[in-house]
>>> print(open('final_36.cif').read())   # mmCIF, C-alpha atoms
data_target
#
loop_
_atom_site.label_atom_id
_atom_site.label_comp_id
_atom_site.auth_asym_id
_atom_site.auth_seq_id
_atom_site.Cartn_x
_atom_site.Cartn_y
_atom_site.Cartn_z
CA MET A 2 20.44 -46.38 60.63
CA ALA A 3 18.75 -47.55 57.42
CA ALA A 4 16.15 -44.78 57.36
CA GLY A 5 18.69 -42.05 58.07
CA LEU A 6 21.05 -43.38 55.43
CA PHE A 7 18.27 -43.79 52.87
CA ALA A 8 17.00 -40.24 53.49
CA ALA A 9 20.53 -38.91 52.93
CA ALA A 10 21.01 -41.04 49.79
CA ALA A 11 17.59 -39.98 48.44
CA ALA A 12 18.45 -36.31 48.95
CA ARG A 13 21.80 -36.84 47.22
CA VAL A 14 20.13 -38.20 44.07
CA GLY A 15 17.22 -35.74 44.10
CA LEU A 16 14.42 -38.11 45.10
CA ASP A 17 11.36 -36.41 46.56
CA VAL A 18 10.66 -39.09 49.17
CA SER A 19 9.30 -39.35 52.67
CA VAL A 20 11.19 -41.88 54.79
CA ALA A 21 10.00 -43.36 58.06
CA SER A 22 11.63 -45.83 60.41
CA ALA A 23 9.56 -48.42 62.26
CA GLY A 24 10.25 -51.68 63.97
CA LEU A 25 8.56 -54.68 65.46
CA LEU A 26 9.16 -53.77 69.11
CA ALA A 27 7.42 -51.11 71.20
CA GLY A 28 8.41 -47.57 70.24
CA GLY A 29 9.54 -44.43 72.02
CA TRP A 30 13.20 -45.33 72.49
CA PRO A 31 16.13 -43.15 71.39
CA ALA A 32 18.70 -44.55 69.01
CA PRO A 33 21.49 -46.31 70.92
CA ASP A 34 24.51 -44.12 71.64
CA GLU A 35 26.69 -46.29 69.39
CA VAL A 36 24.33 -45.74 66.46
CA VAL A 37 24.17 -41.98 67.03
CA SER A 38 27.97 -41.89 67.20
CA VAL A 39 28.76 -43.91 64.05
CA MET A 40 26.12 -42.03 62.08
CA ALA A 41 27.44 -38.66 63.28
CA ASP A 42 30.83 -39.72 61.91
CA ILE A 43 29.35 -39.52 58.40
CA GLY A 44 27.19 -36.44 58.99
CA VAL A 45 23.83 -38.12 59.69
CA ASP A 46 22.24 -36.82 62.90
CA LEU A 47 20.09 -39.38 64.70
CA SER A 48 20.29 -37.72 68.11
CA GLY A 49 16.59 -36.82 68.02
CA HIS A 50 15.40 -40.18 66.68
CA ARG A 51 12.73 -42.08 68.61
CA SER A 52 11.69 -45.58 67.61
CA GLN A 53 8.15 -46.34 66.57
CA GLN A 54 6.36 -49.64 66.25
CA LEU A 55 5.19 -50.65 62.80
CA ASP A 56 1.41 -50.62 62.69
CA GLU A 57 -1.45 -50.81 60.22
CA SER A 58 -1.51 -47.05 59.54
CA LEU A 59 2.21 -46.91 58.74
CA LEU A 60 1.87 -49.91 56.46
CA ASP A 61 -1.13 -48.36 54.70
CA GLU A 62 0.78 -45.12 54.14
CA ALA A 63 4.01 -46.74 52.97
CA GLY A 64 4.61 -47.26 49.29
CA LEU A 65 7.51 -49.59 50.05
CA VAL A 66 8.54 -51.39 53.24
CA VAL A 67 12.17 -52.49 53.44
CA ALA A 68 13.08 -55.00 56.13
CA MET A 69 16.59 -55.82 57.27
CA THR A 70 16.10 -59.56 57.84
CA ARG A 71 14.15 -62.54 56.59
CA GLN A 72 12.52 -62.83 60.03
CA HIS A 73 11.32 -59.23 59.82
CA VAL A 74 9.62 -59.99 56.49
CA ILE A 75 8.01 -63.12 57.97
CA SER A 76 6.76 -61.19 61.00
CA VAL A 77 5.37 -58.25 59.04
CA VAL A 78 3.67 -60.38 56.39
CA GLY A 79 2.43 -62.85 59.01
CA ASP A 80 0.75 -60.05 60.97
CA HIS A 81 -0.30 -58.01 57.91
CA PRO A 82 -0.75 -60.31 54.88
CA GLN A 83 -2.19 -57.47 52.78
CA ALA A 84 1.21 -55.75 52.94
CA TRP A 85 3.01 -58.62 51.17
CA PRO A 86 3.25 -56.90 47.76
CA LYS A 87 5.26 -54.01 49.20
CA VAL A 88 7.37 -55.71 51.90
CA PHE A 89 10.88 -56.72 50.84
CA ARG A 90 14.12 -57.53 52.57
CA LEU A 91 16.81 -54.96 51.67
CA HIS A 92 18.91 -57.47 49.73
CA GLU A 93 15.88 -58.66 47.74
CA VAL A 94 14.55 -55.20 46.85
CA LEU A 95 17.99 -54.08 45.74
CA GLU A 96 18.49 -57.19 43.61
CA ARG A 97 15.05 -56.85 41.99
CA ALA A 98 15.44 -53.08 41.51
CA THR A 99 18.70 -53.62 39.67
CA GLN A 100 16.98 -56.09 37.34
CA VAL A 101 14.09 -53.78 36.39
CA ALA A 102 15.69 -50.33 36.55
CA ASP A 103 16.41 -49.94 32.85
CA ARG A 104 12.95 -51.18 31.83
CA LEU A 105 10.89 -48.87 34.03
CA GLN A 106 12.14 -45.39 33.20
CA GLY A 107 9.72 -42.64 34.25
CA THR A 108 7.34 -44.80 36.28
CA ASP A 109 5.87 -44.03 39.70
CA LEU A 110 6.51 -45.87 42.97
CA ALA A 111 3.36 -47.98 42.87
CA ALA A 112 4.15 -49.32 39.39
CA TRP A 113 7.81 -49.81 40.32
CA VAL A 114 6.93 -51.80 43.45
CA SER A 115 4.39 -53.81 41.45
CA TRP A 116 7.13 -54.77 38.99
CA LEU A 117 9.46 -55.66 41.84
CA HIS A 118 6.78 -57.87 43.37
CA ALA A 119 5.90 -59.67 40.12
CA GLY A 120 6.36 -63.42 40.43
CA ARG A 121 6.83 -63.46 44.20
CA LYS A 122 4.80 -65.85 46.35
CA PRO A 123 4.46 -65.69 50.16
CA ALA A 124 6.06 -69.13 50.40
CA ASP A 125 9.19 -67.55 48.87
CA ILE A 126 9.87 -65.89 52.23
CA LEU A 127 10.81 -69.24 53.70
CA ALA A 128 13.35 -69.80 50.95
CA LEU A 129 15.16 -66.50 51.54
CA ASP A 130 18.79 -66.97 52.49
CA GLY A 131 19.29 -65.68 56.03
CA GLY A 132 22.95 -65.08 55.15
CA GLN A 133 21.83 -62.06 53.18
CA ASP A 134 20.27 -60.38 56.22
CA VAL A 135 21.69 -57.14 57.56
CA VAL A 136 23.41 -58.04 60.84
CA ASP A 137 22.09 -56.20 63.89
CA PRO A 138 25.14 -54.92 65.79
CA MET A 139 23.23 -54.35 69.06
CA GLY A 140 25.42 -55.17 72.04
CA GLN A 141 28.60 -55.54 69.99
CA ARG A 142 31.68 -53.34 69.76
CA ARG A 143 31.79 -50.09 67.81
CA ARG A 144 33.44 -51.79 64.82
CA ALA A 145 30.30 -53.93 64.33
CA TYR A 146 28.17 -50.77 64.19
CA GLU A 147 30.56 -49.30 61.64
CA ARG A 148 30.38 -52.45 59.50
CA THR A 149 26.59 -52.43 59.57
CA ARG A 150 26.50 -48.71 58.80
CA ASN A 151 28.84 -49.19 55.84
CA GLU A 152 26.86 -52.14 54.50
CA LEU A 153 23.60 -50.21 54.83
CA ALA A 154 25.07 -47.07 53.27
CA ALA A 155 26.19 -49.01 50.19
CA LYS A 156 22.91 -50.88 49.80
CA VAL A 157 20.48 -48.02 50.44
CA GLY A 158 22.64 -45.78 48.28
CA ALA A 159 22.33 -48.24 45.41
CA LEU A 160 18.59 -48.50 46.05
CA ALA A 161 18.19 -44.72 45.97
CA ASP A 162 20.18 -44.57 42.74
CA SER A 163 17.96 -47.21 41.17
CA MET A 164 14.79 -45.48 42.33
CA ALA A 165 16.01 -42.15 41.00
CA ARG A 166 16.79 -43.64 37.57
CA THR A 167 13.41 -45.34 37.47
CA THR A 168 11.16 -42.63 38.87
CA SER A 169 13.01 -39.70 37.29
CA GLY A 170 13.03 -37.84 40.60
CA ARG A 171 9.25 -37.79 40.96
CA SER A 172 7.64 -37.96 44.36
CA VAL A 173 7.78 -41.60 45.36
CA GLY A 174 5.87 -41.55 48.65
CA PRO A 175 6.83 -43.00 51.99
CA ALA A 176 9.22 -45.88 52.42
CA ALA A 177 9.50 -47.46 55.85
CA PRO A 178 12.53 -49.53 56.78
CA VAL A 179 11.63 -52.06 59.44
#
>>> encode(input="final_36.cif", output="structure tokens")
Amino acid sequence: MAAGLFAAAAARVGLDVSVASAGLLAGGWPAPDEVVSVMADIGVDLSGHRSQQLDESLLDEAGLVVAMTRQHVISVVGDHPQAWPKVFRLHEVLERATQVADRLQGTDLAAWVSWLHAGRKPADILALDGGQDVVDPMGQRRRAYERTRNELAAKVGALADSMARTTSGRSVGPAAPV
């Protein structure tokens, strides 16, 4: 859901961005029917989506990696420590982006991500509040999928807005939600 919503939000604000979706589990699976349905309700077609597992090449290509949970950040950084400077949980990247947006007008993605990362330490991952994770609705009723979709839409929309203000619509490279 996050990648589809971010791609739509990026297009809305005129960001020239490549968005990929990857996860920690083996790939090749279609999006669950509930996800396809709640996304179709808002005009985002995920019927052709197939999952892919996050790997070294995707991490190398990505300018920004946005995870949904604290545990995702721990897993990605634990397996790929070199990716730490560009791996953020959605809540964290949005909070940091809001703080630096007005100071970084006209910058590129690499500089923007560097500013977002400034002052972070790997040990900070353990201090992240799990209550700020995006809840995975898998196995729940449709209403849970709608709540997650709405939360993600608001957050990735705000992130796209912040990126657009900062990067002035320049190409910002791939971003890969985990």
>>> resolve_selection(input="final_36.cif", expression="the PyMOL selection byres ((chain A and resi 13) around 12)", output="list in words")
Leu6, Phe7, Ala8, Ala9, Ala10, Ala11, Ala12, Val14, Gly15, Leu16, Asp17, Val18, Val157, Gly158, Ala159, Ala161, Asp162, Ala165 and Gly170 of chain A
>>> closest_atom_pairs(input="final_36.cif", of="segment 44-133 of chain A", to="segment 144-153 of chain A", cutoff="12 Å", atoms="all atoms listed in the file", output="CSV")
residue,atom,partner,partner_atom,distance
A:Val45,CA,A:Arg150,CA,11.0
A:Val67,CA,A:Leu153,CA,11.7
A:Ala68,CA,A:Leu153,CA,11.6
A:Met69,CA,A:Leu153,CA,9.3
A:Leu91,CA,A:Leu153,CA,8.9
A:His92,CA,A:Leu153,CA,10.0
A:Leu95,CA,A:Leu153,CA,11.4
A:Gln133,CA,A:Glu152,CA,11.2
>>> closest_residue(input="final_36.cif", among="A:Ala98, A:Met139, A:Ala4, A:Ala27", to="Asp56 of chain A", atoms="all atoms listed in the file")
A:Ala27
>>> atom_distance(input="final_36.cif", atom1="atom CA of Ala21 of chain A", atom2="atom CA of Gln53 of chain A")
9.2 Å
>>> atom_distance(input="final_36.cif", atom1="atom CA of Trp85 of chain A", atom2="atom CA of Pro123 of chain A")
7.3 Å
>>> closest_residue(input="final_36.cif", among="A:Leu127, A:Met164, A:Ala84, A:Val37", to="Val101 of chain A", atoms="all atoms listed in the file")
A:Met164
